[in-house]
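Visitor: Got a file for you: final_29.txt, compact mmCIF, C-alpha atoms.
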# COMPACT_ATOMS: atom_id res chain seq x y z
CA MET B 8 0.00 0.00 0.00
CA GLN B 9 2.95 2.35 0.71
CA GLY B 10 3.96 2.33 -2.97
CA THR B 11 0.42 2.99 -4.16
CA SER B 12 -0.17 6.30 -5.96
CA ASP B 13 -2.15 9.04 -4.24
CA GLU B 14 -4.79 8.85 -6.95
CA THR B 15 -5.28 5.12 -6.35
CA LEU B 16 -5.56 5.75 -2.61
CA ILE B 17 -8.26 8.36 -3.25
CA GLY B 18 -10.13 5.80 -5.38
CA ARG B 19 -9.97 3.31 -2.53
CA ILE B 20 -11.02 5.93 0.01
CA ALA B 21 -14.04 6.65 -2.19
CA SER B 22 -14.94 2.99 -1.71
CA GLY B 23 -14.70 3.38 2.06
CA ASP B 24 -11.22 1.85 2.50
CA ARG B 25 -9.97 3.10 5.87
CA LEU B 26 -6.52 1.60 5.44
CA ALA B 27 -6.08 3.73 2.31
CA MET B 28 -7.17 6.72 4.38
CA GLN B 29 -4.52 5.94 6.97
CA VAL B 30 -1.83 5.67 4.30
CA LEU B 31 -2.83 8.97 2.68
CA PHE B 32 -2.90 10.66 6.09
CA ALA B 33 0.50 9.26 7.03
CA ARG B 34 1.91 10.41 3.69
CA HIS B 35 0.71 14.01 3.73
CA HIS B 36 -0.38 15.13 7.19
CA VAL B 37 2.93 16.65 8.27
CA ARG B 38 3.22 18.95 5.25
CA VAL B 39 -0.43 19.92 5.44
CA TYR B 40 0.01 20.60 9.17
CA ARG B 41 3.03 22.83 8.57
CA PHE B 42 1.23 24.74 5.83
CA VAL B 43 -1.76 25.36 8.10
CA LEU B 44 0.37 26.12 11.16
CA ARG B 45 2.28 28.81 9.26
CA MET B 46 -1.05 30.41 8.47
CA VAL B 47 -2.87 30.16 11.80
CA ARG B 48 0.20 30.19 14.13
CA ASP B 49 -1.50 27.97 16.68
CA GLU B 50 -0.52 24.29 17.00
CA SER B 51 -3.79 23.20 18.59
CA VAL B 52 -5.88 24.93 15.91
CA ALA B 53 -3.62 23.52 13.18
CA GLU B 54 -4.10 19.97 14.51
CA ASP B 55 -7.88 20.42 14.54
CA LEU B 56 -7.76 21.79 11.02
CA ILE B 57 -5.81 18.89 9.53
CA SER B 58 -8.39 16.50 11.00
CA GLU B 59 -11.04 18.54 9.21
CA VAL B 60 -9.04 18.58 5.97
CA PHE B 61 -8.71 14.80 5.87
CA LEU B 62 -12.31 14.31 6.96
CA ASP B 63 -13.28 16.38 3.89
CA VAL B 64 -11.08 14.08 1.81
CA TRP B 65 -12.94 11.06 3.25
CA ARG B 66 -16.28 12.63 2.39
CA GLN B 67 -15.35 14.04 -1.03
CA ALA B 68 -12.99 11.36 -2.38
CA GLY B 69 -15.67 10.15 -4.75
CA ARG B 70 -15.82 13.56 -6.37
CA PHE B 71 -12.06 13.83 -6.92
CA GLU B 72 -11.58 13.92 -10.68
CA GLY B 73 -7.81 14.01 -10.80
CA ARG B 74 -7.60 17.37 -12.56
CA SER B 75 -5.02 18.42 -9.99
CA ALA B 76 -2.47 16.37 -8.08
CA VAL B 77 -3.64 15.08 -4.70
CA PRO B 78 -1.15 17.20 -2.64
CA THR B 79 -2.38 20.31 -4.50
CA TRP B 80 -5.99 19.37 -3.73
CA LEU B 81 -5.10 18.81 -0.06
CA LEU B 82 -3.39 22.19 0.23
CA ALA B 83 -6.34 23.94 -1.42
CA ILE B 84 -8.72 22.40 1.14
CA ALA B 85 -6.26 23.21 3.96
CA ARG B 86 -5.95 26.82 2.86
CA PHE B 87 -9.71 27.27 2.82
CA LYS B 88 -9.99 25.77 6.32
CA ALA B 89 -7.15 27.93 7.66
CA LEU B 90 -8.60 31.15 6.24
CA THR B 91 -12.01 30.28 7.69
CA ALA B 92 -10.39 29.69 11.09
CA LEU B 93 -8.55 33.01 10.85
CA ARG B 94 -11.82 34.80 10.11
CA ARG B 95 -13.30 33.25 13.24
CA LYS B 96 -10.45 34.58 15.39
CA PRO B 97 -11.40 37.50 17.63
CA ASP B 98 -10.05 40.89 16.50
CA GLU B 99 -7.98 41.10 19.70
CA GLU B 100 -5.88 38.09 18.66
CA LEU B 101 -5.39 39.46 15.16
CA ASP B 102 -4.21 42.76 16.66
CA GLU B 103 -1.70 40.87 18.78
CA GLU B 104 -0.39 39.11 15.69
CA ALA B 105 -0.08 42.41 13.84
CA ALA B 106 1.82 43.83 16.80
CA GLU B 107 4.18 40.85 16.73
CA ALA B 108 4.86 41.44 13.05
CA ILE B 109 5.63 45.11 13.72
CA GLU B 110 7.95 44.13 16.56
CA ASP B 111 9.81 41.96 14.10
CA GLU B 112 10.94 45.12 12.32
CA SER B 113 12.41 46.73 15.43
CA ASP B 114 16.03 46.36 16.33
CA ASP B 115 15.31 44.33 19.48
CA PRO B 116 17.96 42.17 21.22
CA GLU B 117 16.79 39.12 19.34
CA ILE B 118 17.37 40.88 16.01
CA VAL B 119 20.73 42.15 17.17
CA LEU B 120 21.68 38.55 17.81
CA ALA B 121 20.09 37.48 14.56
CA LYS B 122 22.31 39.88 12.61
CA LYS B 123 25.18 37.61 13.52
CA ASP B 124 23.26 34.77 11.89
CA LYS B 125 21.75 35.89 8.59
CA GLY B 126 19.80 32.67 8.25
CA ALA B 127 18.11 33.16 11.62
CA ALA B 128 17.28 36.75 10.65
CA ILE B 129 15.67 35.63 7.38
CA ARG B 130 13.63 33.01 9.24
CA LYS B 131 12.46 35.58 11.76
CA CYS B 132 11.44 37.98 9.00
CA LEU B 133 9.65 35.16 7.13
CA GLY B 134 7.55 34.83 10.27
CA GLY B 135 6.78 38.56 10.14
CA LEU B 136 5.19 38.46 6.69
CA SER B 137 1.42 38.73 6.18
CA VAL B 138 -0.63 35.55 5.80
CA GLU B 139 -0.93 36.19 2.06
CA HIS B 140 2.82 36.53 1.65
CA ARG B 141 3.69 33.66 4.01
CA GLU B 142 1.48 31.23 2.12
CA ILE B 143 2.86 32.02 -1.32
CA ILE B 144 6.48 31.83 -0.17
CA ASP B 145 5.80 28.48 1.54
CA LEU B 146 3.92 27.10 -1.47
CA VAL B 147 6.73 27.98 -3.87
CA TYR B 148 9.83 27.29 -1.79
CA TYR B 149 8.77 24.56 0.65
CA HIS B 150 5.84 22.80 -1.01
CA GLU B 151 7.48 23.15 -4.45
CA LYS B 152 4.31 24.14 -6.25
CA SER B 153 4.49 25.38 -9.82
CA VAL B 154 2.96 28.68 -10.94
CA GLU B 155 -0.10 26.79 -12.19
CA GLU B 156 -0.50 24.83 -8.96
CA VAL B 157 -0.19 27.93 -6.76
CA ALA B 158 -2.81 29.61 -8.95
CA GLU B 159 -5.12 26.66 -8.36
CA ILE B 160 -4.55 26.50 -4.60
CA VAL B 161 -4.86 30.22 -3.98
CA GLY B 162 -7.50 30.80 -6.64
CA ILE B 163 -5.79 33.62 -8.53
CA PRO B 164 -4.51 34.02 -12.13
CA GLU B 165 -1.01 32.78 -12.92
CA ASN B 166 0.32 36.29 -13.59
CA THR B 167 -0.98 37.40 -10.19
CA VAL B 168 0.88 34.47 -8.64
CA LYS B 169 4.16 35.77 -10.07
CA THR B 170 3.42 39.35 -9.01
CA ARG B 171 2.38 38.30 -5.51
CA MET B 172 5.53 36.23 -5.09
CA PHE B 173 7.60 39.22 -6.17
CA TYR B 174 5.96 41.50 -3.59
CA ALA B 175 6.26 38.86 -0.88
CA ARG B 176 10.01 38.71 -1.53
CA LYS B 177 10.20 42.48 -1.66
CA ARG B 178 8.45 42.75 1.72
CA LEU B 179 10.87 40.19 3.11
CA ALA B 180 13.76 42.33 1.89
CA GLU B 181 12.22 45.38 3.59
CA LEU B 182 11.88 43.53 6.90
CA LEU B 183 15.50 42.39 6.61
CA LYS B 184 16.61 45.92 5.86
CA ALA B 185 14.72 47.18 8.91
CA ALA B 186 16.57 44.54 10.91
CA GLY B 187 19.86 45.90 9.59
CA ILE B 188 20.49 43.36 6.86
CA GLU B 189 20.94 44.93 3.44
CA ARG B 190 20.97 42.44 0.56
CA GLY B 191 21.24 44.84 -2.36
CA TRP B 192 17.83 43.93 -3.68
CA PRO B 193 15.33 45.19 -4.74
CA MET I 2 7.02 48.10 -5.68
CA ASN I 3 8.32 49.13 -9.10
CA THR I 4 11.27 46.80 -9.49
CA LEU I 5 9.16 44.41 -11.49
CA ASN I 6 8.51 47.21 -13.96
CA GLN I 7 12.12 48.20 -14.49
CA GLY I 8 14.20 46.94 -17.39
CA ALA I 9 13.10 45.05 -20.45
CA PRO I 10 9.90 42.99 -20.19
CA GLU I 11 11.83 39.81 -20.99
CA SER I 12 14.26 40.30 -18.09
CA GLN I 13 11.40 41.17 -15.70
CA GLU I 14 9.63 38.00 -16.67
CA ILE I 15 12.79 35.96 -16.22
CA GLU I 16 13.42 37.48 -12.78
CA ALA I 17 9.86 36.70 -11.71
CA LEU I 18 10.51 33.05 -12.56
CA LEU I 19 13.64 32.72 -10.38
CA PRO I 20 11.82 31.34 -7.28
CA TRP I 21 10.30 28.53 -9.36
CA HIS I 22 13.65 27.88 -11.04
CA ALA I 23 15.21 27.46 -7.59
CA ALA I 24 12.43 25.03 -6.64
CA GLY I 25 12.80 23.10 -9.90
CA THR I 26 9.15 23.51 -10.83
CA LEU I 27 9.43 25.32 -14.16
CA ASN I 28 8.47 23.66 -17.41
CA ARG I 29 11.29 22.83 -19.81
CA ARG I 30 10.85 25.91 -21.98
CA ASP I 31 10.94 28.37 -19.08
CA ARG I 32 13.77 26.51 -17.38
CA GLU I 33 15.91 26.85 -20.50
CA ARG I 34 15.05 30.54 -20.81
CA VAL I 35 16.12 31.18 -17.22
CA GLU I 36 19.30 29.14 -17.58
CA ARG I 37 20.31 31.11 -20.71
CA ALA I 38 19.65 34.41 -18.93
CA LEU I 39 21.57 33.36 -15.81
CA ALA I 40 24.55 32.34 -17.92
CA SER I 41 24.78 35.77 -19.54
CA ASP I 42 23.67 38.14 -16.74
CA SER I 43 25.84 38.29 -13.62
CA GLU I 44 23.40 40.60 -11.75
CA LEU I 45 20.57 38.12 -12.37
CA ALA I 46 22.85 35.33 -11.12
CA ARG I 47 23.50 37.31 -7.93
CA ARG I 48 19.76 37.78 -7.43
CA PHE I 49 19.27 34.08 -7.97
CA ASP I 50 21.65 33.44 -5.06
CA LEU I 51 19.36 35.60 -2.89
CA VAL I 52 16.39 33.51 -4.01
CA ARG I 53 18.19 30.31 -3.10
CA GLU I 54 19.06 31.78 0.30
CA GLU I 55 15.36 32.55 0.92
CA GLN I 56 14.39 29.08 -0.28
CA HIS I 57 16.94 27.43 2.03
CA GLU I 58 15.69 29.37 5.08
CA THR I 59 12.01 28.78 4.21
CA ILE I 60 12.65 25.03 4.11
CA HIS I 61 14.64 25.27 7.38
CA LEU I 62 11.79 27.22 9.02
CA ASN I 63 9.11 24.77 7.89
CA GLU I 64 11.12 21.70 8.87
CA SER I 65 11.58 23.17 12.36
CA LEU I 66 7.80 23.26 12.87
CA GLY I 67 7.76 19.58 13.74
CA ALA I 68 4.78 17.30 13.32
CA PRO I 69 1.30 17.21 14.81
CA SER I 70 0.55 14.98 17.80
CA SER I 71 -1.39 11.75 17.42
CA ARG I 72 -4.47 13.70 18.56
CA ALA I 73 -5.05 14.86 14.98
CA MET I 74 -5.21 11.30 13.63
CA GLU I 75 -7.32 10.08 16.56
CA LYS I 76 -9.77 12.91 16.04
CA LEU I 77 -9.98 12.20 12.32
CA PHE I 78 -10.68 8.49 12.67
CA ALA I 79 -13.11 9.07 15.55
CA ALA I 80 -15.01 11.41 13.21
CA ILE I 81 -14.94 8.83 10.41
CA GLU I 82 -16.14 6.17 12.85
CA ALA I 83 -18.88 8.51 14.11
CA GLU I 84 -20.17 8.87 10.57
CA GLY I 85 -20.96 5.17 10.85
CA GLY I 86 -23.08 3.96 7.99
CA LYS I 87 -22.45 7.05 5.91
CA ALA I 88 -20.05 5.85 3.25
CA PRO I 89 -18.07 8.43 1.27
CA ALA I 90 -19.50 9.52 -2.07
CA ARG I 91 -18.64 6.73 -4.47
CA ARG I 92 -17.18 6.87 -7.92
CA SER I 93 -17.87 4.24 -10.48
CA PHE I 94 -16.09 0.97 -9.69
CA ASP I 95 -12.86 0.90 -11.65
CA LEU I 96 -12.17 -2.86 -11.80
CA VAL I 97 -9.79 -2.62 -14.76
CA GLY I 98 -7.82 0.13 -13.02
CA ARG I 99 -7.53 -1.91 -9.84
CA VAL I 100 -6.41 -5.04 -11.65
CA SER I 101 -3.85 -3.17 -13.74
CA GLU I 102 -2.52 -1.37 -10.68
CA PHE I 103 -2.13 -4.66 -8.84
CA LEU I 104 -0.39 -6.34 -11.80
CA SER I 105 1.90 -3.39 -12.39
CA SER I 106 3.08 -3.62 -8.78
CA LEU I 107 4.35 -7.18 -9.33
CA ALA I 108 7.74 -8.22 -10.65
CA PRO I 109 7.72 -10.24 -13.93
CA ARG I 110 8.77 -13.42 -12.11
CA THR I 111 6.00 -12.91 -9.57
CA VAL I 112 3.52 -12.54 -12.42
CA ALA I 113 4.76 -15.86 -13.86
CA TYR I 114 4.33 -17.59 -10.48
CA ALA I 115 0.91 -15.97 -10.10
CA ALA I 116 -0.14 -17.29 -13.52
CA GLY I 117 0.91 -20.79 -12.47
CA ALA I 118 -0.93 -20.43 -9.18
CA ALA I 119 -4.02 -19.21 -11.02
CA ALA I 120 -3.98 -22.28 -13.29
CA LEU I 121 -3.67 -24.53 -10.24
CA THR I 122 -6.48 -22.64 -8.53
CA LEU I 123 -8.74 -23.20 -11.55
CA PHE I 124 -8.02 -26.92 -11.38
CA VAL I 125 -8.69 -27.06 -7.61
CA GLN I 126 -11.84 -24.98 -8.05
CA ALA I 127 -13.16 -27.43 -10.62
CA ALA I 128 -12.59 -30.24 -8.14
CA VAL I 129 -14.16 -28.33 -5.26
CA LEU I 130 -17.22 -27.41 -7.30
CA THR I 131 -18.06 -31.05 -7.65
CA ALA I 132 -18.33 -31.22 -3.84
CA VAL I 133 -20.07 -27.93 -3.26
CA VAL I 134 -23.73 -27.61 -3.94
CA VAL I 135 -24.62 -24.11 -4.96
CA LYS I 136 -28.20 -23.48 -5.78
CA GLU I 137 -30.35 -20.38 -6.05
CA GLN I 138 -33.15 -19.90 -3.55
CA PRO I 139 -36.25 -19.31 -5.62
CA GLY I 140 -36.96 -15.58 -5.62
CA SER I 141 -34.57 -14.89 -2.74
CA GLY I 142 -31.41 -13.69 -4.47
CA THR I 143 -29.28 -15.54 -1.90
CA ILE I 144 -27.50 -18.85 -2.31
CA GLU I 145 -27.09 -21.87 -0.11
CA LEU I 146 -23.72 -23.33 0.67
CA SER I 147 -23.33 -26.81 2.03
CA SER I 148 -19.59 -27.23 2.27
CA PHE I 149 -18.47 -24.55 4.73
CA GLY I 150 -18.44 -24.99 8.50
CA ASN I 151 -18.55 -28.22 10.34
CA THR I 152 -20.91 -27.26 13.15
CA SER I 153 -24.47 -28.41 12.93
CA ALA I 154 -25.48 -25.16 14.68
CA VAL I 155 -24.25 -23.08 11.74
CA GLN I 156 -27.15 -21.49 9.86
CA ALA I 157 -25.28 -19.14 7.51
CA VAL I 158 -21.81 -18.09 6.41
CA ILE I 159 -20.83 -14.48 5.95
CA ARG I 160 -17.88 -12.41 4.75
CA PHE I 161 -17.65 -8.76 5.79
CA THR I 162 -16.38 -5.91 3.62
CA PRO I 163 -12.71 -4.99 4.28
CA GLN I 164 -13.53 -1.57 5.71
CA THR I 165 -15.89 -2.89 8.36
CA THR I 166 -14.49 -2.55 11.88
CA ALA I 167 -14.86 -5.09 14.68
CA SER I 168 -17.26 -2.82 16.56
CA GLU I 169 -19.42 -2.43 13.43
CA ILE I 170 -19.51 -6.21 12.99
CA THR I 171 -20.58 -6.64 16.62
CA ARG I 172 -23.34 -4.02 16.23
CA PHE I 173 -24.46 -5.56 12.95
CA LEU I 174 -24.70 -9.10 14.36
CA ASN I 175 -26.49 -7.89 17.51
CA ALA I 176 -29.00 -6.01 15.37
CA HIS I 177 -29.83 -9.23 13.53
CA ASN I 178 -29.76 -11.50 16.62
CA ALA I 179 -26.83 -13.43 15.17
CA VAL I 180 -23.65 -14.77 16.76
CA VAL I 181 -20.40 -16.01 15.26
CA VAL I 182 -19.87 -19.71 15.95
CA ASP I 183 -16.76 -20.26 13.84
CA GLY I 184 -14.26 -18.47 11.64
CA PRO I 185 -12.80 -16.76 9.93
CA GLY I 186 -12.30 -19.71 7.65
CA ARG I 187 -11.32 -20.08 4.00
CA GLY I 188 -11.91 -16.84 2.10
CA GLY I 189 -12.53 -14.90 5.32
CA LEU I 190 -15.89 -16.59 5.89
CA PHE I 191 -17.48 -16.65 9.35
CA SER I 192 -20.08 -19.23 10.41
CA ILE I 193 -23.02 -17.66 12.21
CA ARG I 194 -26.28 -18.76 13.77
CA PHE I 195 -29.35 -16.86 14.88
CA THR I 196 -30.63 -16.81 18.43
CA GLY I 197 -33.89 -18.60 19.01
CA ASP I 198 -35.31 -21.64 17.22
CA LEU I 199 -36.17 -20.08 13.87
CA PRO I 200 -37.84 -21.91 10.98
CA LYS I 201 -35.83 -22.07 7.78
CA ASP I 202 -37.92 -19.48 5.92
CA GLU I 203 -37.28 -16.98 8.78
CA ILE I 204 -33.55 -17.59 8.47
CA VAL I 205 -33.73 -17.00 4.71
CA LYS I 206 -35.51 -13.68 5.34
CA LEU I 207 -32.89 -12.61 7.87
CA VAL I 208 -30.08 -13.51 5.47
CA GLN I 209 -31.78 -11.46 2.74
CA GLN I 210 -32.01 -8.49 5.09
CA MET I 211 -28.34 -8.81 5.98
CA GLN I 212 -27.39 -9.15 2.33
CA SER I 213 -29.02 -5.81 1.58
CA GLU I 214 -26.50 -4.07 3.86
CA SER I 215 -23.77 -4.07 1.25
CA ARG I 216 -21.57 -1.62 3.16
CA VAL I 217 -20.98 -4.29 5.81
CA VAL I 218 -21.71 -7.57 4.03
CA GLU I 219 -19.64 -8.66 1.06
CA PHE I 220 -21.10 -12.17 0.88
CA ILE I 221 -23.70 -14.16 2.81
CA ALA I 222 -25.40 -17.51 2.25
CA THR I 223 -27.63 -19.83 4.25
CA LYS I 224 -26.26 -23.24 5.08
CA GLU I 225 -28.20 -26.43 4.63
Re-express the file's structure as structure tokens.
Guide:
Amino acid sequence: MQGTSDETLIGRIASGDRLAMQVLFARHHVRVYRFVLRMVRDESVAEDLISEVFLDVWRQAGRFEGRSAVPTWLLAIARFKALTALRRKPDEELDEEAAEAIEDESDDPEIVLAKKDKGAAIRKCLGGLSVEHREIIDLVYYHEKSVEEVAEIVGIPENTVKTRMFYARKRLAELLKAAGIERGWP
Amino acid sequence: MNTLNQGAPESQEIEALLPWHAAGTLNRRDRERVERALASDSELARRFDLVREEQHETIHLNESLGAPSSRAMEKLFAAIEAEGGKAPARRSFDLVGRVSEFLSSLAPRTVAYAAGAAALTLFVQAAVLTAVVVKEQPGSGTIELSSFGNTSAVQAVIRFTPQTTASEITRFLNAHNAVVVDGPGRGGLFSIRFTGDLPKDEIVKLVQQMQSESRVVEFIATKE
């Protein structure tokens, strides 16, 4: 079963095969969890959401037509769930998150230390990006999604995908500059 | 904000593709375009190094997030279990696809052995069929089997669908006043009997009812 393709697993899940469901979950849950966690920034919420994502897969497997790859389909469902959860969050929590992002730009002791480690500084600034920018950077760099796949997951035209990725990188460069790291771009 | 608009359109487009080139997700045509541009433009090559740095740290950041606890899986399968009889929306049954997938997973030598085993099975089946009496119940849609189970108390044999859990089987048997008296035997068959001293036509009715629950029952037959 471990060597079975995702598409075959979905076909078996559509027939009510729970073992196939376990294999698909084992194969993809960590990446889906990380994608969701980067969006909602709450481990407990992210765990609840991946349960919901795979429960949707269980329910909708029969309607999967294979137009997109299974991981792309999973991330599209996960993104929808994460955004819905973010909309449910009280404004107070969102304000706190915004404040955290602003703090990321200040030259606090953590950033001073981070300057000695450029990699750590980049990671900290990646955490300070908006949800929209975090998701596109993760989809392209970590989840290795093509322009077409990102367009499908996020639901925007391909040219907008390229433009959004450019501005996400530009914002990252601005945060790094604010933290005292000048990369000579843009 | 305006960097994307500076320079020639071709170079802007190439620069916009750098993140996907770093991830290896460009199609062949675009990949070759980017590679040609990188080979002839040192500034673009320097920017590509920045992209790779971002990519490296994004992967590092994501990998450091760890994995979810087992709670997520437990919650998922508890929810699936709670849905009980509600099977997922089904597609058409792709028998050819399943067979070809199974065969493609086997090594050529295994296929040869399997063919031999299949021939032997056909021979054995022919022999077994002479001993097994299979006859249709008039108007019932079920069949009687006389060769499975060696207990006189056995009234029917049943095979459950692979996805049925033990707790579902228990609930199903309780609901039909049936108990397992033997099994699983050959082909995953269980011998069952019904509580109470039921006449044969009652047993046939119960077996027909059970047969209609195709989500749980893959095969069922009364025993003479």
Visitor: Counting only C-alpha atoms, a student should be able to say which residues of chain I come within 8 Å of chain B; what is the right answer, written as a PDB file with C-alpha atoms, in the coordinates of the input?
Guide:
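Contents of the output file selection_6.pdb:
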ATOM      1  CA  MET I   2       7.020  48.100  -5.680  1.00  0.00           C
ATOM      2  CA  THR I   4      11.270  46.800  -9.490  1.00  0.00           C
ATOM      3  CA  LEU I   5       9.160  44.410 -11.490  1.00  0.00           C
ATOM      4  CA  ALA I  17       9.860  36.700 -11.710  1.00  0.00           C
ATOM      5  CA  LEU I  18      10.510  33.050 -12.560  1.00  0.00           C
ATOM      6  CA  PRO I  20      11.820  31.340  -7.280  1.00  0.00           C
ATOM      7  CA  TRP I  21      10.300  28.530  -9.360  1.00  0.00           C
ATOM      8  CA  ALA I  23      15.210  27.460  -7.590  1.00  0.00           C
ATOM      9  CA  ALA I  24      12.430  25.030  -6.640  1.00  0.00           C
ATOM     10  CA  GLY I  25      12.800  23.100  -9.900  1.00  0.00           C
ATOM     11  CA  THR I  26       9.150  23.510 -10.830  1.00  0.00           C
ATOM     12  CA  LEU I  27       9.430  25.320 -14.160  1.00  0.00           C
ATOM     13  CA  ARG I  48      19.760  37.780  -7.430  1.00  0.00           C
ATOM     14  CA  LEU I  51      19.360  35.600  -2.890  1.00  0.00           C
ATOM     15  CA  GLU I  55      15.360  32.550   0.920  1.00  0.00           C
ATOM     16  CA  GLN I  56      14.390  29.080  -0.280  1.00  0.00           C
ATOM     17  CA  GLU I  58      15.690  29.370   5.080  1.00  0.00           C
ATOM     18  CA  THR I  59      12.010  28.780   4.210  1.00  0.00           C
ATOM     19  CA  ILE I  60      12.650  25.030   4.110  1.00  0.00           C
ATOM     20  CA  LEU I  62      11.790  27.220   9.020  1.00  0.00           C
ATOM     21  CA  ASN I  63       9.110  24.770   7.890  1.00  0.00           C
ATOM     22  CA  LEU I  66       7.800  23.260  12.870  1.00  0.00           C
ATOM     23  CA  GLY I  67       7.760  19.580  13.740  1.00  0.00           C
ATOM     24  CA  ALA I  68       4.780  17.300  13.320  1.00  0.00           C
ATOM     25  CA  PRO I  69       1.300  17.210  14.810  1.00  0.00           C
ATOM     26  CA  SER I  70       0.550  14.980  17.800  1.00  0.00           C
ATOM     27  CA  ARG I  72      -4.470  13.700  18.560  1.00  0.00           C
ATOM     28  CA  ALA I  73      -5.050  14.860  14.980  1.00  0.00           C
ATOM     29  CA  MET I  74      -5.210  11.300  13.630  1.00  0.00           C
ATOM     30  CA  LYS I  76      -9.770  12.910  16.040  1.00  0.00           C
ATOM     31  CA  LEU I  77      -9.980  12.200  12.320  1.00  0.00           C
ATOM     32  CA  ALA I  80     -15.010  11.410  13.210  1.00  0.00           C
ATOM     33  CA  ILE I  81     -14.940   8.830  10.410  1.00  0.00           C
ATOM     34  CA  ALA I  88     -20.050   5.850   3.250  1.00  0.00           C
ATOM     35  CA  PRO I  89     -18.070   8.430   1.270  1.00  0.00           C
ATOM     36  CA  ALA I  90     -19.500   9.520  -2.070  1.00  0.00           C
ATOM     37  CA  ARG I  91     -18.640   6.730  -4.470  1.00  0.00           C
ATOM     38  CA  ARG I  92     -17.180   6.870  -7.920  1.00  0.00           C
ATOM     39  CA  PRO I 163     -12.710  -4.990   4.280  1.00  0.00           C
ATOM     40  CA  GLN I 164     -13.530  -1.570   5.710  1.00  0.00           C
TER      41      GLN I 164
END
Visitor: Would you mind reading off the distance between CA of Ser192 (chain I) and CA of Ala157 (chain I), one decimal, in Å?
Guide: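 Spanning CA of Ser192 (chain I) to CA of Ala157 (chain I) is a straight-line distance of 6.0 Å.
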Visitor: So, with all atoms listed in the file as the atoms that count, which of B:Glu181, B:Asp49, B:Glu165, B:Glu159 lies closest to Ala89 (chain B)?
Guide: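 Of all the options, B:Asp49 lies closest to Ala89 (chain B).
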Visitor: In Å, how far is it from CA of Arg74 (chain B) to CA of Glu64 (chain I)?
Guide: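 Distance reported for this atom pair: 28.8 Å.
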Visitor: Any idea what the distance is between CA of Ala83 (chain B) and CA of Gly85 (chain I)?
Guide: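 Those two atoms sit 26.8 Å apart.
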